[in-house]
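Right, one structure below, let's go through it.
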Amino acid sequence: MPSMTLSRDDVIVGVDTHKDQHVAVLLDGLGGHLADLVIPATATAYAKLLAFCLEILQSPGRLVAFGVEGTGSYGRGLAGFLRKRGYEVREVSRPPRSGVRRHAGKSDTIDAEHAARQVAAGVVTAIPKTADGAVEALRLIKVARDTAVKAQSATMITLKATLVTADDELRGALEPLTDHRLIEACAALECVGAPTTPTKAMLHVLASLARRWLSLHDEVKSLGWHLKQQTKTVAPRLVEAVGIGPDTAAEMLLAAGDNNDRIRSESAFAKLCGVSPIPASSGKTHRHRLNRGGNRQANAALYRTVIVRMRWHHRLPSTTSTGALPRGSQSERLSAA
């Protein structure tokens with residue numbers, strides 16, 4: 001949306017979103033400040049903002065687009081409200097700390113104006129995820145499972161660290177056990193009476209941590225089953241490919257979103273996942289460097305998939321006779337895969 005296609009009668013809206021309230025700034029097509037408005041983060045207030053924008057708009061002008069920060073968090077409600085009513089919504093990132101923000105200052109109004117100017121200049125082209133379908137359900141399942149896995153790992157670490165301070169007899173009996181047997185043994189410990197002494201408190205805490213781990217283990221298994229079923233339903237061909245499991249498939253689907261038509265090409269998806277090479281020279285020299293941006297979770301999932309396929313997929317010349325990866329830089333191997 002180049003600025004040369006806009007007229008003074010057009011209106012562009014930038015919105016800086018927060019948990020309790022949003023700040024909107026309206027600009028005309030030539031960048032002039034028209035108005036600003038502070039609204040609560042409620043559906044009623046969204047309707048008020050839209051009515052205010054239409055009131056400012058003069059014929060034959062257009063309400064060109066809304067540039068909204070945080071369309072995946074605090075701005076999700078506003079973005080969905082506007083999208084359902086047929087208005088164009090663009091996802092705007094916050095100003096860089098070392099650039100625009102440092103020179104222009106920091107306030108909600110300044111950030112909202114920055115969002116509007118980004119849209120007017122045609123710099124912002126990202127279409128927000130709709131987050132209203134099967135992929136959004138998959139995201140929620142994955143959030144619950146990932147946090148349960150993290151809590152389970154933290155519980156095991158805490159249990160082992162606590163066991164180090166136990167008396168020699170108890171420590172000698174439990175430390176040699178494997179993780180699962182350790183959990184079973186600790187869960188079976190009994191503390192008779194209140195844990196008022198170090199010995200009783202040790203038994204009580206070890207049993208409590210072990211039972212917590214078992215509860216989280218059941219939760220992870222249940223959520224993992226739902227994750228597997230959901231990925232099979234949403235993308236059956238993806239999970240059938242070699243080296244792609246439910247976690248990897250889920251990361252790819254989450255990167256694309258429910259409205260994956262917002263990604264225009266394979267190259268655009270590669271850039272979104274941070275696997276597109278970036279030009280790093282000018283003149284007669286042609287060099288590229290690795291992309292350190294993009295969705296890092298999707299990038300890590302792609303990396304794991306490539307490594308597994310290079311090692312195990314029979315169609316790819318993946319390994320040497322010793323089972324090691326072939327020689328060459330990491331970027332060359334990933335590009336070849």
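Scheme for the structure tokens: letters A, B, ... for chains in order shown; per-chain residue numbers from 1; ligand numbers from 1 in order shown.
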Please identify the alpha helix (DSSP H) residues within segment 162-236 of chain A (assignment by DSSP from backbone atoms) and present them as an MDAnalysis selection string.
chainID A and resid 162:163 168:174 179:187 198:234 236
Skipping near chain neighbours, those fewer than 3 positions away, what residues fall within 12 Å of Leu203 of chain A using only C-alpha atoms, listed as an NGL selection string?
:A and (159 or 162-163 or 165-167 or 170-171 or 174 or 185-200 or 206-210)
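Atom pair atom CA of His313 of chain A / atom CA of Ala268 of chain A has a distance of 26.4 Å (rounded to one decimal).
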Quick one: residues within 7 Å of segment 243-252 of chain A, only C-alpha atoms, excluding same-chain residues fewer than 4 positions away - as a PyMOL selection string?
chain A and resi 227-228+231+238-239+256+297-298+301+305+308-309
Run DSSP on the backbone of this structure and report the residues of segment 4-174 of chain A it assigns to strand (DSSP E), as a short mmCIF file (atom, residue, chain, number, x, y, z; two decimals) with all heavy atoms, in the first residue's frame.
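The file below, part.cif, is the result:
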data_model
loop_
_atom_site.label_atom_id
_atom_site.label_comp_id
_atom_site.auth_asym_id
_atom_site.auth_seq_id
_atom_site.Cartn_x
_atom_site.Cartn_y
_atom_site.Cartn_z
N VAL A 11 -8.09 7.89 5.43
CA VAL A 11 -7.80 7.81 6.87
C VAL A 11 -7.09 6.49 7.16
O VAL A 11 -7.52 5.42 6.71
CB VAL A 11 -9.09 7.91 7.71
CG1 VAL A 11 -8.79 7.67 9.18
CG2 VAL A 11 -9.75 9.26 7.51
N ILE A 12 -5.98 6.59 7.88
CA ILE A 12 -5.25 5.41 8.36
C ILE A 12 -5.23 5.48 9.88
O ILE A 12 -5.00 6.54 10.46
CB ILE A 12 -3.81 5.37 7.83
CG1 ILE A 12 -3.80 5.40 6.30
CG2 ILE A 12 -3.07 4.14 8.34
CD1 ILE A 12 -3.54 6.77 5.72
N VAL A 13 -5.47 4.35 10.52
CA VAL A 13 -5.57 4.30 11.98
C VAL A 13 -4.47 3.41 12.54
O VAL A 13 -4.27 2.28 12.07
CB VAL A 13 -6.95 3.76 12.43
CG1 VAL A 13 -7.08 3.84 13.95
CG2 VAL A 13 -8.07 4.53 11.75
N GLY A 14 -3.74 3.93 13.52
CA GLY A 14 -2.76 3.13 14.24
C GLY A 14 -3.22 2.94 15.68
O GLY A 14 -3.75 3.89 16.29
N VAL A 15 -3.04 1.73 16.21
CA VAL A 15 -3.54 1.43 17.56
C VAL A 15 -2.43 0.78 18.38
O VAL A 15 -1.84 -0.23 17.96
CB VAL A 15 -4.77 0.49 17.51
CG1 VAL A 15 -5.33 0.31 18.92
CG2 VAL A 15 -5.83 1.02 16.56
N ASP A 16 -2.16 1.39 19.53
CA ASP A 16 -1.24 0.80 20.51
C ASP A 16 -2.11 0.10 21.56
O ASP A 16 -2.91 0.74 22.25
CB ASP A 16 -0.39 1.90 21.15
CG ASP A 16 0.62 1.34 22.14
OD1 ASP A 16 1.12 0.23 21.92
OD2 ASP A 16 0.89 2.02 23.15
N THR A 17 -1.97 -1.21 21.67
CA THR A 17 -2.88 -1.99 22.50
C THR A 17 -2.26 -2.33 23.85
O THR A 17 -1.06 -2.53 23.98
CB THR A 17 -3.26 -3.30 21.78
OG1 THR A 17 -2.07 -4.06 21.52
CG2 THR A 17 -3.97 -3.01 20.48
N GLN A 21 -6.71 -0.92 28.12
CA GLN A 21 -7.14 0.13 27.22
C GLN A 21 -6.25 0.19 25.99
O GLN A 21 -5.12 -0.30 26.00
CB GLN A 21 -7.14 1.50 27.92
CG GLN A 21 -5.75 2.01 28.30
CD GLN A 21 -5.78 3.39 28.92
OE1 GLN A 21 -6.78 3.80 29.50
NE2 GLN A 21 -4.70 4.12 28.80
N HIS A 22 -6.80 0.77 24.91
CA HIS A 22 -6.07 0.94 23.66
C HIS A 22 -6.04 2.43 23.32
O HIS A 22 -6.95 3.19 23.66
CB HIS A 22 -6.74 0.19 22.51
CG HIS A 22 -6.90 -1.28 22.76
ND1 HIS A 22 -6.05 -2.00 23.56
CD2 HIS A 22 -7.83 -2.17 22.28
CE1 HIS A 22 -6.43 -3.26 23.57
NE2 HIS A 22 -7.51 -3.39 22.82
N VAL A 23 -4.97 2.83 22.63
CA VAL A 23 -4.82 4.21 22.18
C VAL A 23 -4.75 4.21 20.66
O VAL A 23 -3.93 3.49 20.07
CB VAL A 23 -3.56 4.87 22.76
CG1 VAL A 23 -3.41 6.29 22.24
CG2 VAL A 23 -3.60 4.86 24.29
N ALA A 24 -5.62 4.97 20.02
CA ALA A 24 -5.68 5.04 18.56
C ALA A 24 -5.32 6.44 18.08
O ALA A 24 -5.69 7.44 18.71
CB ALA A 24 -7.07 4.66 18.07
N VAL A 25 -4.59 6.51 16.98
CA VAL A 25 -4.25 7.78 16.32
C VAL A 25 -4.70 7.69 14.88
O VAL A 25 -4.41 6.70 14.19
CB VAL A 25 -2.74 8.06 16.42
CG1 VAL A 25 -2.37 9.23 15.51
CG2 VAL A 25 -2.34 8.37 17.85
N LEU A 26 -5.38 8.73 14.40
CA LEU A 26 -5.87 8.78 13.03
C LEU A 26 -5.03 9.76 12.23
O LEU A 26 -4.81 10.90 12.66
CB LEU A 26 -7.34 9.22 12.99
CG LEU A 26 -8.41 8.18 13.35
CD1 LEU A 26 -8.33 7.78 14.83
CD2 LEU A 26 -9.80 8.71 13.02
N LEU A 27 -4.55 9.31 11.06
CA LEU A 27 -3.80 10.15 10.14
C LEU A 27 -4.53 10.25 8.82
O LEU A 27 -5.25 9.32 8.43
CB LEU A 27 -2.40 9.57 9.89
CG LEU A 27 -1.49 9.33 11.09
CD1 LEU A 27 -0.16 8.74 10.61
CD2 LEU A 27 -1.25 10.60 11.87
N ASP A 28 -4.35 11.37 8.11
CA ASP A 28 -4.89 11.42 6.76
C ASP A 28 -3.91 10.76 5.79
O ASP A 28 -2.82 10.31 6.17
CB ASP A 28 -5.20 12.87 6.34
CG ASP A 28 -3.96 13.76 6.31
OD1 ASP A 28 -2.86 13.26 5.99
OD2 ASP A 28 -4.09 14.97 6.58
N HIS A 33 -1.89 14.62 11.15
CA HIS A 33 -2.57 14.12 12.34
C HIS A 33 -4.00 14.62 12.35
O HIS A 33 -4.26 15.82 12.28
CB HIS A 33 -1.83 14.58 13.59
CG HIS A 33 -2.39 14.03 14.87
ND1 HIS A 33 -3.49 14.60 15.49
CD2 HIS A 33 -2.04 12.97 15.64
CE1 HIS A 33 -3.77 13.93 16.59
NE2 HIS A 33 -2.91 12.93 16.71
N LEU A 34 -4.97 13.70 12.47
CA LEU A 34 -6.38 14.06 12.51
C LEU A 34 -6.95 14.06 13.92
O LEU A 34 -7.61 15.02 14.33
CB LEU A 34 -7.18 13.09 11.64
CG LEU A 34 -6.91 13.12 10.14
CD1 LEU A 34 -7.70 12.02 9.44
CD2 LEU A 34 -7.25 14.48 9.54
N ALA A 35 -6.69 12.99 14.65
CA ALA A 35 -7.26 12.88 16.00
C ALA A 35 -6.61 11.69 16.70
O ALA A 35 -5.92 10.88 16.09
CB ALA A 35 -8.78 12.68 15.93
N ASP A 36 -6.81 11.64 18.01
CA ASP A 36 -6.42 10.46 18.78
C ASP A 36 -7.50 10.17 19.80
O ASP A 36 -8.28 11.05 20.19
CB ASP A 36 -5.05 10.65 19.44
CG ASP A 36 -4.98 11.91 20.28
OD1 ASP A 36 -5.58 11.93 21.37
OD2 ASP A 36 -4.32 12.88 19.86
N LEU A 37 -7.56 8.91 20.22
CA LEU A 37 -8.66 8.46 21.07
C LEU A 37 -8.17 7.35 21.99
O LEU A 37 -7.41 6.47 21.57
CB LEU A 37 -9.81 7.95 20.20
CG LEU A 37 -11.09 7.47 20.90
CD1 LEU A 37 -11.80 8.66 21.55
CD2 LEU A 37 -12.01 6.79 19.90
N VAL A 38 -8.59 7.38 23.25
CA VAL A 38 -8.30 6.33 24.22
C VAL A 38 -9.60 5.60 24.51
O VAL A 38 -10.60 6.23 24.87
CB VAL A 38 -7.70 6.91 25.52
CG1 VAL A 38 -7.42 5.79 26.51
CG2 VAL A 38 -6.44 7.70 25.23
N ILE A 39 -9.58 4.26 24.36
CA ILE A 39 -10.78 3.47 24.57
C ILE A 39 -10.47 2.28 25.49
O ILE A 39 -9.33 1.80 25.52
CB ILE A 39 -11.36 2.94 23.24
CG1 ILE A 39 -10.34 2.03 22.55
CG2 ILE A 39 -11.78 4.09 22.34
CD1 ILE A 39 -10.90 1.26 21.38
N PRO A 40 -11.46 1.79 26.23
CA PRO A 40 -11.26 0.54 26.98
C PRO A 40 -11.15 -0.65 26.03
O PRO A 40 -11.59 -0.57 24.88
CB PRO A 40 -12.53 0.44 27.85
CG PRO A 40 -13.18 1.78 27.76
CD PRO A 40 -12.78 2.38 26.47
N LEU A 63 -11.49 4.61 4.49
CA LEU A 63 -10.88 4.13 5.72
C LEU A 63 -9.93 3.01 5.29
O LEU A 63 -10.34 1.85 5.15
CB LEU A 63 -11.94 3.63 6.70
CG LEU A 63 -11.47 3.25 8.10
CD1 LEU A 63 -10.65 4.37 8.75
CD2 LEU A 63 -12.65 2.88 8.99
N VAL A 64 -8.67 3.37 5.04
CA VAL A 64 -7.76 2.49 4.31
C VAL A 64 -7.44 1.23 5.08
O VAL A 64 -7.63 0.11 4.60
CB VAL A 64 -6.46 3.25 3.96
CG1 VAL A 64 -5.49 2.33 3.23
CG2 VAL A 64 -6.79 4.48 3.12
N ALA A 65 -6.91 1.37 6.30
CA ALA A 65 -6.48 0.19 7.07
C ALA A 65 -6.24 0.58 8.51
O ALA A 65 -6.08 1.76 8.86
CB ALA A 65 -5.23 -0.43 6.47
N PHE A 66 -6.21 -0.44 9.36
CA PHE A 66 -5.86 -0.30 10.77
C PHE A 66 -4.53 -0.99 11.01
O PHE A 66 -4.38 -2.18 10.68
CB PHE A 66 -6.93 -0.92 11.66
CG PHE A 66 -8.23 -0.19 11.69
CD1 PHE A 66 -9.15 -0.32 10.65
CD2 PHE A 66 -8.56 0.64 12.76
CE1 PHE A 66 -10.35 0.35 10.67
CE2 PHE A 66 -9.77 1.32 12.79
CZ PHE A 66 -10.67 1.17 11.74
N GLY A 67 -3.57 -0.28 11.57
CA GLY A 67 -2.31 -0.89 11.99
C GLY A 67 -2.38 -1.15 13.48
O GLY A 67 -2.45 -0.21 14.28
N VAL A 68 -2.37 -2.41 13.88
CA VAL A 68 -2.61 -2.78 15.28
C VAL A 68 -1.40 -3.52 15.83
O VAL A 68 -0.91 -4.48 15.22
CB VAL A 68 -3.86 -3.68 15.39
CG1 VAL A 68 -4.14 -4.03 16.85
CG2 VAL A 68 -5.07 -2.99 14.77
N GLU A 69 -0.91 -3.07 16.97
CA GLU A 69 0.16 -3.78 17.65
C GLU A 69 -0.42 -4.94 18.46
O GLU A 69 -1.52 -4.85 18.99
CB GLU A 69 0.91 -2.84 18.61
CG GLU A 69 1.81 -1.83 17.93
CD GLU A 69 2.69 -1.08 18.93
OE1 GLU A 69 2.79 -1.54 20.08
OE2 GLU A 69 3.26 -0.05 18.55
N VAL A 89 -6.80 -5.10 8.33
CA VAL A 89 -6.00 -4.99 9.55
C VAL A 89 -4.58 -5.45 9.24
O VAL A 89 -4.38 -6.50 8.62
CB VAL A 89 -6.58 -5.85 10.69
CG1 VAL A 89 -5.74 -5.71 11.95
CG2 VAL A 89 -8.03 -5.45 10.98
N ARG A 90 -3.60 -4.64 9.66
CA ARG A 90 -2.20 -4.99 9.50
C ARG A 90 -1.54 -5.16 10.86
O ARG A 90 -1.83 -4.40 11.79
CB ARG A 90 -1.46 -3.90 8.70
CG ARG A 90 -1.97 -3.71 7.28
CD ARG A 90 -1.72 -4.92 6.43
NE ARG A 90 -2.16 -4.72 5.06
CZ ARG A 90 -2.08 -5.64 4.12
NH1 ARG A 90 -1.59 -6.83 4.41
NH2 ARG A 90 -2.50 -5.39 2.89
N GLU A 91 -0.66 -6.13 10.95
CA GLU A 91 0.06 -6.38 12.20
C GLU A 91 1.32 -5.52 12.24
O GLU A 91 2.16 -5.59 11.34
CB GLU A 91 0.43 -7.86 12.31
CG GLU A 91 1.09 -8.22 13.62
CD GLU A 91 1.30 -9.72 13.76
OE1 GLU A 91 0.98 -10.45 12.82
OE2 GLU A 91 1.79 -10.13 14.83
N VAL A 92 1.45 -4.72 13.30
CA VAL A 92 2.57 -3.78 13.43
C VAL A 92 3.44 -4.19 14.62
O VAL A 92 2.93 -4.46 15.71
CB VAL A 92 2.05 -2.34 13.63
CG1 VAL A 92 3.22 -1.37 13.74
CG2 VAL A 92 1.14 -1.94 12.49
#
May I have the residues within 10 Å of Ala270 of chain A as a list in words, using only C-alpha atoms and disregarding those fewer than 3 positions away in the same chain?
Ile263, Ser265, Glu266, Ser267, Cys273, Gly274, Val275, Ser276, Pro277, Asn291, Gly294, Asn295, Ala298 and Asn299 of chain A
Residues of the last selection are to be written out with all heavy atoms, as a PDB file, in the first residue's frame.
ATOM      1  N   ILE A 263       0.168 -16.256   3.763  1.00  0.00           N
ATOM      2  CA  ILE A 263       1.553 -16.489   3.334  1.00  0.00           C
ATOM      3  C   ILE A 263       1.540 -16.660   1.827  1.00  0.00           C
ATOM      4  O   ILE A 263       0.996 -17.638   1.302  1.00  0.00           O
ATOM      5  CB  ILE A 263       2.140 -17.722   4.042  1.00  0.00           C
ATOM      6  CG1 ILE A 263       2.072 -17.508   5.558  1.00  0.00           C
ATOM      7  CG2 ILE A 263       3.562 -17.976   3.595  1.00  0.00           C
ATOM      8  CD1 ILE A 263       2.471 -18.716   6.364  1.00  0.00           C
ATOM      9  N   SER A 265       3.843 -17.226  -0.587  1.00  0.00           N
ATOM     10  CA  SER A 265       4.678 -18.145  -1.349  1.00  0.00           C
ATOM     11  C   SER A 265       5.525 -18.992  -0.417  1.00  0.00           C
ATOM     12  O   SER A 265       5.580 -18.754   0.797  1.00  0.00           O
ATOM     13  CB  SER A 265       5.593 -17.365  -2.304  1.00  0.00           C
ATOM     14  OG  SER A 265       6.512 -16.564  -1.564  1.00  0.00           O
ATOM     15  N   GLU A 266       6.203 -19.981  -0.998  1.00  0.00           N
ATOM     16  CA  GLU A 266       7.109 -20.818  -0.228  1.00  0.00           C
ATOM     17  C   GLU A 266       8.263 -19.986   0.320  1.00  0.00           C
ATOM     18  O   GLU A 266       8.728 -20.210   1.446  1.00  0.00           O
ATOM     19  CB  GLU A 266       7.641 -21.946  -1.111  1.00  0.00           C
ATOM     20  CG  GLU A 266       8.547 -22.933  -0.388  1.00  0.00           C
ATOM     21  CD  GLU A 266       9.020 -24.055  -1.280  1.00  0.00           C
ATOM     22  OE1 GLU A 266       8.387 -24.278  -2.331  1.00  0.00           O
ATOM     23  OE2 GLU A 266      10.016 -24.725  -0.924  1.00  0.00           O
ATOM     24  N   SER A 267       8.718 -19.016  -0.463  1.00  0.00           N
ATOM     25  CA  SER A 267       9.808 -18.141  -0.014  1.00  0.00           C
ATOM     26  C   SER A 267       9.386 -17.305   1.180  1.00  0.00           C
ATOM     27  O   SER A 267      10.173 -17.089   2.105  1.00  0.00           O
ATOM     28  CB  SER A 267      10.251 -17.227  -1.165  1.00  0.00           C
ATOM     29  OG  SER A 267      10.738 -17.983  -2.251  1.00  0.00           O
ATOM     30  N   CYS A 273       9.988 -18.498   8.876  1.00  0.00           N
ATOM     31  CA  CYS A 273      10.623 -19.478   9.748  1.00  0.00           C
ATOM     32  C   CYS A 273      12.113 -19.230   9.943  1.00  0.00           C
ATOM     33  O   CYS A 273      12.788 -20.007  10.632  1.00  0.00           O
ATOM     34  CB  CYS A 273      10.415 -20.889   9.197  1.00  0.00           C
ATOM     35  SG  CYS A 273       8.692 -21.398   9.151  1.00  0.00           S
ATOM     36  N   GLY A 274      12.648 -18.180   9.349  1.00  0.00           N
ATOM     37  CA  GLY A 274      14.054 -17.836   9.534  1.00  0.00           C
ATOM     38  C   GLY A 274      15.009 -18.788   8.842  1.00  0.00           C
ATOM     39  O   GLY A 274      16.137 -18.965   9.312  1.00  0.00           O
ATOM     40  N   VAL A 275      14.600 -19.387   7.721  1.00  0.00           N
ATOM     41  CA  VAL A 275      15.489 -20.304   7.001  1.00  0.00           C
ATOM     42  C   VAL A 275      15.848 -19.775   5.613  1.00  0.00           C
ATOM     43  O   VAL A 275      16.431 -20.501   4.810  1.00  0.00           O
ATOM     44  CB  VAL A 275      14.861 -21.711   6.881  1.00  0.00           C
ATOM     45  CG1 VAL A 275      14.747 -22.356   8.241  1.00  0.00           C
ATOM     46  CG2 VAL A 275      13.503 -21.659   6.196  1.00  0.00           C
ATOM     47  N   SER A 276      15.506 -18.540   5.322  1.00  0.00           N
ATOM     48  CA  SER A 276      15.867 -17.955   4.038  1.00  0.00           C
ATOM     49  C   SER A 276      17.225 -17.268   4.166  1.00  0.00           C
ATOM     50  O   SER A 276      17.482 -16.559   5.133  1.00  0.00           O
ATOM     51  CB  SER A 276      14.821 -16.923   3.607  1.00  0.00           C
ATOM     52  OG  SER A 276      14.706 -15.903   4.583  1.00  0.00           O
ATOM     53  N   PRO A 277      18.143 -17.493   3.209  1.00  0.00           N
ATOM     54  CA  PRO A 277      19.442 -16.826   3.279  1.00  0.00           C
ATOM     55  C   PRO A 277      19.296 -15.324   3.077  1.00  0.00           C
ATOM     56  O   PRO A 277      18.432 -14.860   2.326  1.00  0.00           O
ATOM     57  CB  PRO A 277      20.232 -17.469   2.137  1.00  0.00           C
ATOM     58  CG  PRO A 277      19.185 -17.956   1.185  1.00  0.00           C
ATOM     59  CD  PRO A 277      18.003 -18.346   2.023  1.00  0.00           C
ATOM     60  N   ASN A 291      19.915 -16.554   8.450  1.00  0.00           N
ATOM     61  CA  ASN A 291      18.868 -15.680   8.969  1.00  0.00           C
ATOM     62  C   ASN A 291      18.672 -15.955  10.457  1.00  0.00           C
ATOM     63  O   ASN A 291      18.343 -17.076  10.850  1.00  0.00           O
ATOM     64  CB  ASN A 291      17.569 -15.950   8.206  1.00  0.00           C
ATOM     65  CG  ASN A 291      16.497 -14.921   8.494  1.00  0.00           C
ATOM     66  OD1 ASN A 291      16.551 -14.221   9.499  1.00  0.00           O
ATOM     67  ND2 ASN A 291      15.542 -14.811   7.605  1.00  0.00           N
ATOM     68  N   GLY A 294      12.867 -14.355  12.301  1.00  0.00           N
ATOM     69  CA  GLY A 294      11.766 -15.258  12.063  1.00  0.00           C
ATOM     70  C   GLY A 294      11.295 -15.973  13.314  1.00  0.00           C
ATOM     71  O   GLY A 294      11.735 -15.698  14.429  1.00  0.00           O
ATOM     72  N   ASN A 295      10.402 -16.917  13.121  1.00  0.00           N
ATOM     73  CA  ASN A 295       9.833 -17.706  14.209  1.00  0.00           C
ATOM     74  C   ASN A 295      10.867 -18.743  14.637  1.00  0.00           C
ATOM     75  O   ASN A 295      11.117 -19.721  13.931  1.00  0.00           O
ATOM     76  CB  ASN A 295       8.546 -18.376  13.715  1.00  0.00           C
ATOM     77  CG  ASN A 295       7.797 -19.107  14.802  1.00  0.00           C
ATOM     78  OD1 ASN A 295       8.391 -19.802  15.619  1.00  0.00           O
ATOM     79  ND2 ASN A 295       6.483 -18.956  14.817  1.00  0.00           N
ATOM     80  N   ALA A 298       9.595 -22.438  15.074  1.00  0.00           N
ATOM     81  CA  ALA A 298       9.442 -23.110  13.784  1.00  0.00           C
ATOM     82  C   ALA A 298      10.803 -23.415  13.172  1.00  0.00           C
ATOM     83  O   ALA A 298      11.000 -24.468  12.555  1.00  0.00           O
ATOM     84  CB  ALA A 298       8.610 -22.238  12.841  1.00  0.00           C
ATOM     85  N   ASN A 299      11.753 -22.509  13.347  1.00  0.00           N
ATOM     86  CA  ASN A 299      13.109 -22.728  12.845  1.00  0.00           C
ATOM     87  C   ASN A 299      13.739 -23.965  13.490  1.00  0.00           C
ATOM     88  O   ASN A 299      14.342 -24.808  12.813  1.00  0.00           O
ATOM     89  CB  ASN A 299      13.960 -21.480  13.117  1.00  0.00           C
ATOM     90  CG  ASN A 299      15.366 -21.599  12.583  1.00  0.00           C
ATOM     91  OD1 ASN A 299      16.237 -22.203  13.213  1.00  0.00           O
ATOM     92  ND2 ASN A 299      15.606 -21.025  11.415  1.00  0.00           N
TER      93      ASN A 299
END
For Ile110 of chain A: contacts at 10 Å, only C-alpha atoms, fewer than 2 positions along chain excluded, given as a PDB file with N, CA and C atoms, in the first residue's frame:
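As written to disk, selection_1.pdb reads:
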ATOM      1  N   GLY A  14      -3.743   3.926  13.517  1.00  0.00           N
ATOM      2  CA  GLY A  14      -2.762   3.131  14.243  1.00  0.00           C
ATOM      3  C   GLY A  14      -3.223   2.937  15.679  1.00  0.00           C
ATOM      4  N   ASP A  16      -2.158   1.388  19.533  1.00  0.00           N
ATOM      5  CA  ASP A  16      -1.243   0.799  20.514  1.00  0.00           C
ATOM      6  C   ASP A  16      -2.108   0.100  21.557  1.00  0.00           C
ATOM      7  N   VAL A  23      -4.968   2.830  22.633  1.00  0.00           N
ATOM      8  CA  VAL A  23      -4.824   4.208  22.179  1.00  0.00           C
ATOM      9  C   VAL A  23      -4.755   4.210  20.660  1.00  0.00           C
ATOM     10  N   ALA A  24      -5.621   4.974  20.021  1.00  0.00           N
ATOM     11  CA  ALA A  24      -5.678   5.044  18.559  1.00  0.00           C
ATOM     12  C   ALA A  24      -5.318   6.439  18.084  1.00  0.00           C
ATOM     13  N   VAL A  25      -4.594   6.511  16.978  1.00  0.00           N
ATOM     14  CA  VAL A  25      -4.254   7.777  16.325  1.00  0.00           C
ATOM     15  C   VAL A  25      -4.695   7.690  14.880  1.00  0.00           C
ATOM     16  N   PRO A  95       8.199  -0.128  17.765  1.00  0.00           N
ATOM     17  CA  PRO A  95       9.382   0.534  17.210  1.00  0.00           C
ATOM     18  C   PRO A  95      10.658  -0.032  17.814  1.00  0.00           C
ATOM     19  N   ARG A 101      12.254   4.622  18.434  1.00  0.00           N
ATOM     20  CA  ARG A 101      11.782   4.877  19.793  1.00  0.00           C
ATOM     21  C   ARG A 101      12.730   5.789  20.560  1.00  0.00           C
ATOM     22  N   ALA A 104      12.268   9.425  18.909  1.00  0.00           N
ATOM     23  CA  ALA A 104      10.935  10.026  18.960  1.00  0.00           C
ATOM     24  C   ALA A 104      10.350  10.042  20.358  1.00  0.00           C
ATOM     25  N   GLY A 105      10.904   9.241  21.262  1.00  0.00           N
ATOM     26  CA  GLY A 105      10.346   9.164  22.598  1.00  0.00           C
ATOM     27  C   GLY A 105       9.393   7.996  22.726  1.00  0.00           C
ATOM     28  N   LYS A 106       8.851   7.841  23.908  1.00  0.00           N
ATOM     29  CA  LYS A 106       7.995   6.699  24.192  1.00  0.00           C
ATOM     30  C   LYS A 106       6.740   7.142  24.921  1.00  0.00           C
ATOM     31  N   SER A 107       5.587   6.895  24.290  1.00  0.00           N
ATOM     32  CA  SER A 107       4.287   7.057  24.927  1.00  0.00           C
ATOM     33  C   SER A 107       3.296   6.249  24.110  1.00  0.00           C
ATOM     34  N   ASP A 108       2.131   6.020  24.662  1.00  0.00           N
ATOM     35  CA  ASP A 108       1.129   5.244  23.939  1.00  0.00           C
ATOM     36  C   ASP A 108       0.717   5.946  22.647  1.00  0.00           C
ATOM     37  N   ALA A 112       1.180   4.578  18.813  1.00  0.00           N
ATOM     38  CA  ALA A 112       0.030   4.438  17.928  1.00  0.00           C
ATOM     39  C   ALA A 112       0.248   5.202  16.626  1.00  0.00           C
ATOM     40  N   GLU A 113       0.824   6.385  16.739  1.00  0.00           N
ATOM     41  CA  GLU A 113       1.120   7.168  15.530  1.00  0.00           C
ATOM     42  C   GLU A 113       2.166   6.464  14.674  1.00  0.00           C
ATOM     43  N   HIS A 114       3.152   5.878  15.322  1.00  0.00           N
ATOM     44  CA  HIS A 114       4.170   5.108  14.587  1.00  0.00           C
ATOM     45  C   HIS A 114       3.514   3.965  13.809  1.00  0.00           C
ATOM     46  N   ALA A 115       2.553   3.285  14.435  1.00  0.00           N
ATOM     47  CA  ALA A 115       1.861   2.189  13.765  1.00  0.00           C
ATOM     48  C   ALA A 115       1.116   2.685  12.529  1.00  0.00           C
ATOM     49  N   ALA A 116       0.442   3.818  12.664  1.00  0.00           N
ATOM     50  CA  ALA A 116      -0.294   4.375  11.524  1.00  0.00           C
ATOM     51  C   ALA A 116       0.648   4.781  10.392  1.00  0.00           C
TER      52      ALA A 116
END
I'd like the interatomic distance between atom CA of Tyr87 of chain A and atom CA of Gly293 of chain A, to a tenth of an Å.
29.3 Å
So the first atom is atom CA of Ala148 of chain A and the second is atom CA of Ala235 of chain A; what is the distance between them in Å, to one decimal place?
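Rounded to one decimal, the two atoms are 24.3 Å apart.
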Skipping near chain neighbours, those fewer than 5 positions away, what residues fall within 10 Å of Val220 of chain A using only C-alpha atoms, listed as a list of chain:residue names?
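Final neighbour list, sorted by chain and number: A:Ala144, A:Arg145, A:Asp146, A:Thr147, A:Ala148, A:Val149, A:Gln152, A:Leu214, A:Ser215, A:Trp225, A:His226.
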Select, from A:Val119, A:Ala255, A:Ala280, A:Ala241, the residue with the minimum atom-to-atom distance to Arg139 of chain A, counting only C-alpha atoms.
A:Ala255
